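Following: one structure in structure tokens, then a few remarks.
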Amino acid sequence: MTFETTINKKNRTVEILDSGNKALIDGEVAPFSFERLDATRYILRLGYTTHIISNITKNDNQLEYTIDGKWHTASVKDEQMMLLDRMGFKVESSAGEGILKAPMPGKIVAILVEEGAEVAEGQPVVILEAMKMENELKSPSAGRIKSISAAAGQSVEKNGVLLEIEPLG
């Protein structure tokens, strides 16, 4: 399993090797383990160094956390997100836009909401089949479904508008 991460503005590539107890970090193999210490803290052993990770908050692919008491921010991309980036597809929706666009060409498998329904930011709203995989598209913002521009079974192009969300209030 491979990830790309940006930690405090430094880019890194991390691959968890098949053995599960070693990682390839920027081309160098290091033994590692990651264990839950209690409800809010984890222990990361990397090489011969042990770190305590806590205060973890996650928003999409963005993380904030402390390692040994120092704050860090990280952006993490999994293999699917990296593939979409390499192919030139937009992975994240712009929060607050209120318009959900197809991140890639594909076929609509299902529309999970109806016009007038209230949705939360990040709530699954559309299933899009692309590259032989079903992708769950999430609401870019909280609000009410104003209009739906696509239907199940319909083919869509990259950046095709799927639905529009108007803010509540």
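Here, A, B, ... name the chains of the structure tokens in the order displayed, residue numbers run from 1 inside each chain, and ligands are numbered from 1 in the same displayed order.
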- Item | Backbone DSSP call of strand (DSSP E or B) for chain A, listed as a ChimeraX atom specification | /A:2-7,10-16,22-25,28-36,42-46,49-59,62-67,70-77,99-101,106-111,118-119,124-130,133-138,143-148,155-156,161-166
Quick one: contact table of stretch 30-93 of chain A to stretch 124-134 of chain A, 12 Å max, nearest atom pair and distance in Å to one decimal per residue, counting only C-alpha atoms, chain and number order, as a tab-separated table?
residue	atom	partner	partner_atom	distance
A:Gln80	CA	A:Met133	CA	10.2
A:Leu83	CA	A:Met131	CA	10.8
A:Leu84	CA	A:Met131	CA	10.4
A:Met87	CA	A:Met131	CA	11.6
A:Phe89	CA	A:Ala130	CA	11.8
- Query: Which one is closest to A:Asp68: A:Tyr42, A:Val161, A:Val113, A:Ser33? Count only C-alpha atoms.
  - Reply: A:Tyr42
Closest contacts (stretch 83-140 of chain A/stretch 154-158 of chain A, max 8 Å, only C-alpha atoms) as CSV:
residue,atom,partner,partner_atom,distance
A:Phe89,CA,A:Lys158,CA,7.8
A:Lys101,CA,A:Lys158,CA,7.6
A:Ala102,CA,A:Lys158,CA,5.3
A:Pro103,CA,A:Lys158,CA,5.6
A:Met104,CA,A:Lys158,CA,4.2
A:Pro105,CA,A:Glu157,CA,4.2
A:Gly106,CA,A:Val156,CA,5.5
A:Lys107,CA,A:Ser155,CA,4.3
A:Ile108,CA,A:Gln154,CA,5.5
- Query: Mind pulling up the distance from atom CA of A:Phe32 to atom CA of A:Ser19?
  - Reply: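 Distance between the two atoms: 10.7 Å.
The helix (DSSP H, G or I) portion of chain A consists of Glu79, Gln80, Met81, Met82, Leu83, Leu84, Asp85 and Arg86 of chain A, with states taken from DSSP on the backbone.
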- Could you pull the residues within 8 Å of A:Ser139, counting only C-alpha atoms, minus those fewer than 4 positions along the same chain, as a ChimeraX atom specification? /A:98,100,119-125
- Task: Using only C-alpha atoms, find the one residue out of A:Ala142, A:Ile43, A:Ile99, A:Leu112 that sits nearest to A:Gly160.
- Result: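 The closest residue to A:Gly160 is A:Ile99.
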- Message: Report as JSON, numbers by chain all protein, DNA and RNA residues lying within 7 Å of A:Ile145, evaluated on only C-alpha atoms, omitting residues in the same chain fewer than 6 positions from it.
- Response: {"A": [114, 115, 116, 117, 118, 164, 165, 166]}
For the selection you just gave me, I'd like the residues written to a file as a PDB file, in the first residue's frame, keeping all heavy atoms.
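Result file follows (again-v1.pdb):
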ATOM      1  N   GLU A 114     -32.524  13.230  -3.058  1.00  0.00           N
ATOM      2  CA  GLU A 114     -33.578  13.787  -3.904  1.00  0.00           C
ATOM      3  C   GLU A 114     -33.563  15.295  -3.777  1.00  0.00           C
ATOM      4  O   GLU A 114     -33.065  15.843  -2.785  1.00  0.00           O
ATOM      5  CB  GLU A 114     -34.947  13.256  -3.462  1.00  0.00           C
ATOM      6  CG  GLU A 114     -35.113  11.766  -3.623  1.00  0.00           C
ATOM      7  CD  GLU A 114     -36.462  11.270  -3.113  1.00  0.00           C
ATOM      8  OE1 GLU A 114     -37.247  12.084  -2.595  1.00  0.00           O
ATOM      9  OE2 GLU A 114     -36.707  10.064  -3.232  1.00  0.00           O
ATOM     10  N   GLU A 115     -34.116  15.989  -4.785  1.00  0.00           N
ATOM     11  CA  GLU A 115     -34.225  17.440  -4.705  1.00  0.00           C
ATOM     12  C   GLU A 115     -34.988  17.816  -3.447  1.00  0.00           C
ATOM     13  O   GLU A 115     -35.973  17.177  -3.091  1.00  0.00           O
ATOM     14  CB  GLU A 115     -34.915  18.003  -5.946  1.00  0.00           C
ATOM     15  CG  GLU A 115     -33.997  18.043  -7.142  1.00  0.00           C
ATOM     16  CD  GLU A 115     -34.601  18.753  -8.347  1.00  0.00           C
ATOM     17  OE1 GLU A 115     -35.553  19.526  -8.184  1.00  0.00           O
ATOM     18  OE2 GLU A 115     -34.092  18.505  -9.456  1.00  0.00           O
ATOM     19  N   GLY A 116     -34.510  18.856  -2.755  1.00  0.00           N
ATOM     20  CA  GLY A 116     -35.148  19.321  -1.535  1.00  0.00           C
ATOM     21  C   GLY A 116     -34.603  18.679  -0.274  1.00  0.00           C
ATOM     22  O   GLY A 116     -34.850  19.166   0.828  1.00  0.00           O
ATOM     23  N   ALA A 117     -33.842  17.597  -0.404  1.00  0.00           N
ATOM     24  CA  ALA A 117     -33.298  16.911   0.772  1.00  0.00           C
ATOM     25  C   ALA A 117     -32.155  17.726   1.371  1.00  0.00           C
ATOM     26  O   ALA A 117     -31.398  18.381   0.656  1.00  0.00           O
ATOM     27  CB  ALA A 117     -32.795  15.525   0.386  1.00  0.00           C
ATOM     28  N   GLU A 118     -32.046  17.682   2.695  1.00  0.00           N
ATOM     29  CA  GLU A 118     -30.929  18.327   3.375  1.00  0.00           C
ATOM     30  C   GLU A 118     -29.765  17.351   3.435  1.00  0.00           C
ATOM     31  O   GLU A 118     -29.956  16.162   3.680  1.00  0.00           O
ATOM     32  CB  GLU A 118     -31.331  18.762   4.784  1.00  0.00           C
ATOM     33  CG  GLU A 118     -32.272  19.939   4.792  1.00  0.00           C
ATOM     34  CD  GLU A 118     -32.533  20.478   6.189  1.00  0.00           C
ATOM     35  OE1 GLU A 118     -31.783  20.135   7.135  1.00  0.00           O
ATOM     36  OE2 GLU A 118     -33.495  21.248   6.333  1.00  0.00           O
ATOM     37  N   GLU A 164     -26.587  20.486  -7.522  1.00  0.00           N
ATOM     38  CA  GLU A 164     -26.295  21.773  -6.918  1.00  0.00           C
ATOM     39  C   GLU A 164     -26.912  21.814  -5.530  1.00  0.00           C
ATOM     40  O   GLU A 164     -28.034  21.361  -5.327  1.00  0.00           O
ATOM     41  CB  GLU A 164     -26.872  22.890  -7.778  1.00  0.00           C
ATOM     42  CG  GLU A 164     -26.490  24.269  -7.304  1.00  0.00           C
ATOM     43  CD  GLU A 164     -27.001  25.372  -8.223  1.00  0.00           C
ATOM     44  OE1 GLU A 164     -27.552  25.069  -9.290  1.00  0.00           O
ATOM     45  OE2 GLU A 164     -26.834  26.538  -7.837  1.00  0.00           O
ATOM     46  N   ILE A 165     -26.161  22.364  -4.590  1.00  0.00           N
ATOM     47  CA  ILE A 165     -26.593  22.425  -3.201  1.00  0.00           C
ATOM     48  C   ILE A 165     -26.640  23.895  -2.793  1.00  0.00           C
ATOM     49  O   ILE A 165     -25.674  24.631  -2.997  1.00  0.00           O
ATOM     50  CB  ILE A 165     -25.618  21.668  -2.282  1.00  0.00           C
ATOM     51  CG1 ILE A 165     -25.538  20.216  -2.731  1.00  0.00           C
ATOM     52  CG2 ILE A 165     -26.035  21.782  -0.825  1.00  0.00           C
ATOM     53  CD1 ILE A 165     -24.351  19.473  -2.185  1.00  0.00           C
ATOM     54  N   GLU A 166     -27.779  24.305  -2.222  1.00  0.00           N
ATOM     55  CA  GLU A 166     -27.877  25.677  -1.731  1.00  0.00           C
ATOM     56  C   GLU A 166     -27.704  25.653  -0.211  1.00  0.00           C
ATOM     57  O   GLU A 166     -28.196  24.743   0.451  1.00  0.00           O
ATOM     58  CB  GLU A 166     -29.196  26.342  -2.115  1.00  0.00           C
ATOM     59  CG  GLU A 166     -30.429  25.690  -1.566  1.00  0.00           C
ATOM     60  CD  GLU A 166     -31.713  26.344  -2.065  1.00  0.00           C
ATOM     61  OE1 GLU A 166     -31.653  27.368  -2.750  1.00  0.00           O
ATOM     62  OE2 GLU A 166     -32.787  25.820  -1.746  1.00  0.00           O
TER      63      GLU A 166
END
Give me the residues near A:Leu37 as a PDB file with all heavy atoms, in the first residue's frame, where near means some atom within 10 Å (using only C-alpha atoms) and where sequence neighbours in that chain fewer than 3 positions away do not count.
ATOM      1  N   PHE A  34       2.658   0.574  14.644  1.00  0.00           N
ATOM      2  CA  PHE A  34       1.705   1.624  15.005  1.00  0.00           C
ATOM      3  C   PHE A  34       0.652   0.968  15.882  1.00  0.00           C
ATOM      4  O   PHE A  34      -0.042   0.071  15.420  1.00  0.00           O
ATOM      5  CB  PHE A  34       1.099   2.231  13.736  1.00  0.00           C
ATOM      6  CG  PHE A  34       0.283   3.453  13.970  1.00  0.00           C
ATOM      7  CD1 PHE A  34       0.893   4.667  14.224  1.00  0.00           C
ATOM      8  CD2 PHE A  34      -1.107   3.404  13.939  1.00  0.00           C
ATOM      9  CE1 PHE A  34       0.146   5.820  14.428  1.00  0.00           C
ATOM     10  CE2 PHE A  34      -1.862   4.538  14.147  1.00  0.00           C
ATOM     11  CZ  PHE A  34      -1.234   5.760  14.387  1.00  0.00           C
ATOM     12  N   THR A  40      -7.149   8.012  22.915  1.00  0.00           N
ATOM     13  CA  THR A  40      -6.773   9.199  22.121  1.00  0.00           C
ATOM     14  C   THR A  40      -5.302   9.241  21.733  1.00  0.00           C
ATOM     15  O   THR A  40      -4.882  10.179  21.069  1.00  0.00           O
ATOM     16  CB  THR A  40      -7.091  10.492  22.899  1.00  0.00           C
ATOM     17  OG1 THR A  40      -6.335  10.493  24.123  1.00  0.00           O
ATOM     18  CG2 THR A  40      -8.571  10.601  23.197  1.00  0.00           C
ATOM     19  N   ARG A  41      -4.522   8.245  22.134  1.00  0.00           N
ATOM     20  CA  ARG A  41      -3.085   8.286  21.845  1.00  0.00           C
ATOM     21  C   ARG A  41      -2.615   7.000  21.180  1.00  0.00           C
ATOM     22  O   ARG A  41      -3.169   5.925  21.410  1.00  0.00           O
ATOM     23  CB  ARG A  41      -2.283   8.510  23.135  1.00  0.00           C
ATOM     24  CG  ARG A  41      -2.594   9.834  23.787  1.00  0.00           C
ATOM     25  CD  ARG A  41      -1.750  10.083  25.020  1.00  0.00           C
ATOM     26  NE  ARG A  41      -1.922   8.980  25.964  1.00  0.00           N
ATOM     27  CZ  ARG A  41      -1.059   8.686  26.932  1.00  0.00           C
ATOM     28  NH1 ARG A  41       0.024   9.405  27.088  1.00  0.00           N
ATOM     29  NH2 ARG A  41      -1.284   7.685  27.750  1.00  0.00           N
ATOM     30  N   TYR A  42      -1.579   7.146  20.355  1.00  0.00           N
ATOM     31  CA  TYR A  42      -0.990   6.028  19.629  1.00  0.00           C
ATOM     32  C   TYR A  42       0.516   6.046  19.828  1.00  0.00           C
ATOM     33  O   TYR A  42       1.099   7.095  20.089  1.00  0.00           O
ATOM     34  CB  TYR A  42      -1.286   6.137  18.130  1.00  0.00           C
ATOM     35  CG  TYR A  42      -2.758   6.048  17.809  1.00  0.00           C
ATOM     36  CD1 TYR A  42      -3.570   7.172  17.892  1.00  0.00           C
ATOM     37  CD2 TYR A  42      -3.327   4.838  17.444  1.00  0.00           C
ATOM     38  CE1 TYR A  42      -4.921   7.095  17.608  1.00  0.00           C
ATOM     39  CE2 TYR A  42      -4.685   4.753  17.159  1.00  0.00           C
ATOM     40  CZ  TYR A  42      -5.471   5.889  17.242  1.00  0.00           C
ATOM     41  OH  TYR A  42      -6.802   5.801  16.970  1.00  0.00           O
ATOM     42  N   ILE A  43       1.131   4.892  19.658  1.00  0.00           N
ATOM     43  CA  ILE A  43       2.588   4.789  19.683  1.00  0.00           C
ATOM     44  C   ILE A  43       3.048   4.447  18.276  1.00  0.00           C
ATOM     45  O   ILE A  43       2.569   3.486  17.670  1.00  0.00           O
ATOM     46  CB  ILE A  43       3.069   3.686  20.648  1.00  0.00           C
ATOM     47  CG1 ILE A  43       2.735   4.052  22.091  1.00  0.00           C
ATOM     48  CG2 ILE A  43       4.572   3.462  20.499  1.00  0.00           C
ATOM     49  CD1 ILE A  43       3.124   2.971  23.087  1.00  0.00           C
ATOM     50  N   LEU A  44       3.979   5.234  17.750  1.00  0.00           N
ATOM     51  CA  LEU A  44       4.610   4.960  16.461  1.00  0.00           C
ATOM     52  C   LEU A  44       6.067   4.631  16.731  1.00  0.00           C
ATOM     53  O   LEU A  44       6.796   5.458  17.295  1.00  0.00           O
ATOM     54  CB  LEU A  44       4.513   6.181  15.534  1.00  0.00           C
ATOM     55  CG  LEU A  44       5.330   6.098  14.244  1.00  0.00           C
ATOM     56  CD1 LEU A  44       4.809   4.975  13.339  1.00  0.00           C
ATOM     57  CD2 LEU A  44       5.324   7.428  13.513  1.00  0.00           C
ATOM     58  N   ILE A  52       4.935   9.376  20.490  1.00  0.00           N
ATOM     59  CA  ILE A  52       3.552   9.376  20.939  1.00  0.00           C
ATOM     60  C   ILE A  52       2.774  10.337  20.045  1.00  0.00           C
ATOM     61  O   ILE A  52       3.157  11.501  19.895  1.00  0.00           O
ATOM     62  CB  ILE A  52       3.416   9.835  22.416  1.00  0.00           C
ATOM     63  CG1 ILE A  52       4.236   8.941  23.336  1.00  0.00           C
ATOM     64  CG2 ILE A  52       1.945   9.897  22.819  1.00  0.00           C
ATOM     65  CD1 ILE A  52       3.729   7.529  23.459  1.00  0.00           C
ATOM     66  N   ILE A  53       1.700   9.836  19.424  1.00  0.00           N
ATOM     67  CA  ILE A  53       0.853  10.657  18.556  1.00  0.00           C
ATOM     68  C   ILE A  53      -0.486  10.847  19.258  1.00  0.00           C
ATOM     69  O   ILE A  53      -1.081   9.883  19.729  1.00  0.00           O
ATOM     70  CB  ILE A  53       0.650   9.980  17.185  1.00  0.00           C
ATOM     71  CG1 ILE A  53       1.996   9.784  16.502  1.00  0.00           C
ATOM     72  CG2 ILE A  53      -0.303  10.797  16.313  1.00  0.00           C
ATOM     73  CD1 ILE A  53       1.929   9.018  15.203  1.00  0.00           C
ATOM     74  N   SER A  54      -0.959  12.096  19.304  1.00  0.00           N
ATOM     75  CA  SER A  54      -2.252  12.374  19.936  1.00  0.00           C
ATOM     76  C   SER A  54      -2.885  13.610  19.310  1.00  0.00           C
ATOM     77  O   SER A  54      -2.329  14.187  18.372  1.00  0.00           O
ATOM     78  CB  SER A  54      -2.075  12.566  21.445  1.00  0.00           C
ATOM     79  OG  SER A  54      -1.168  13.611  21.708  1.00  0.00           O
TER      80      SER A  54
END
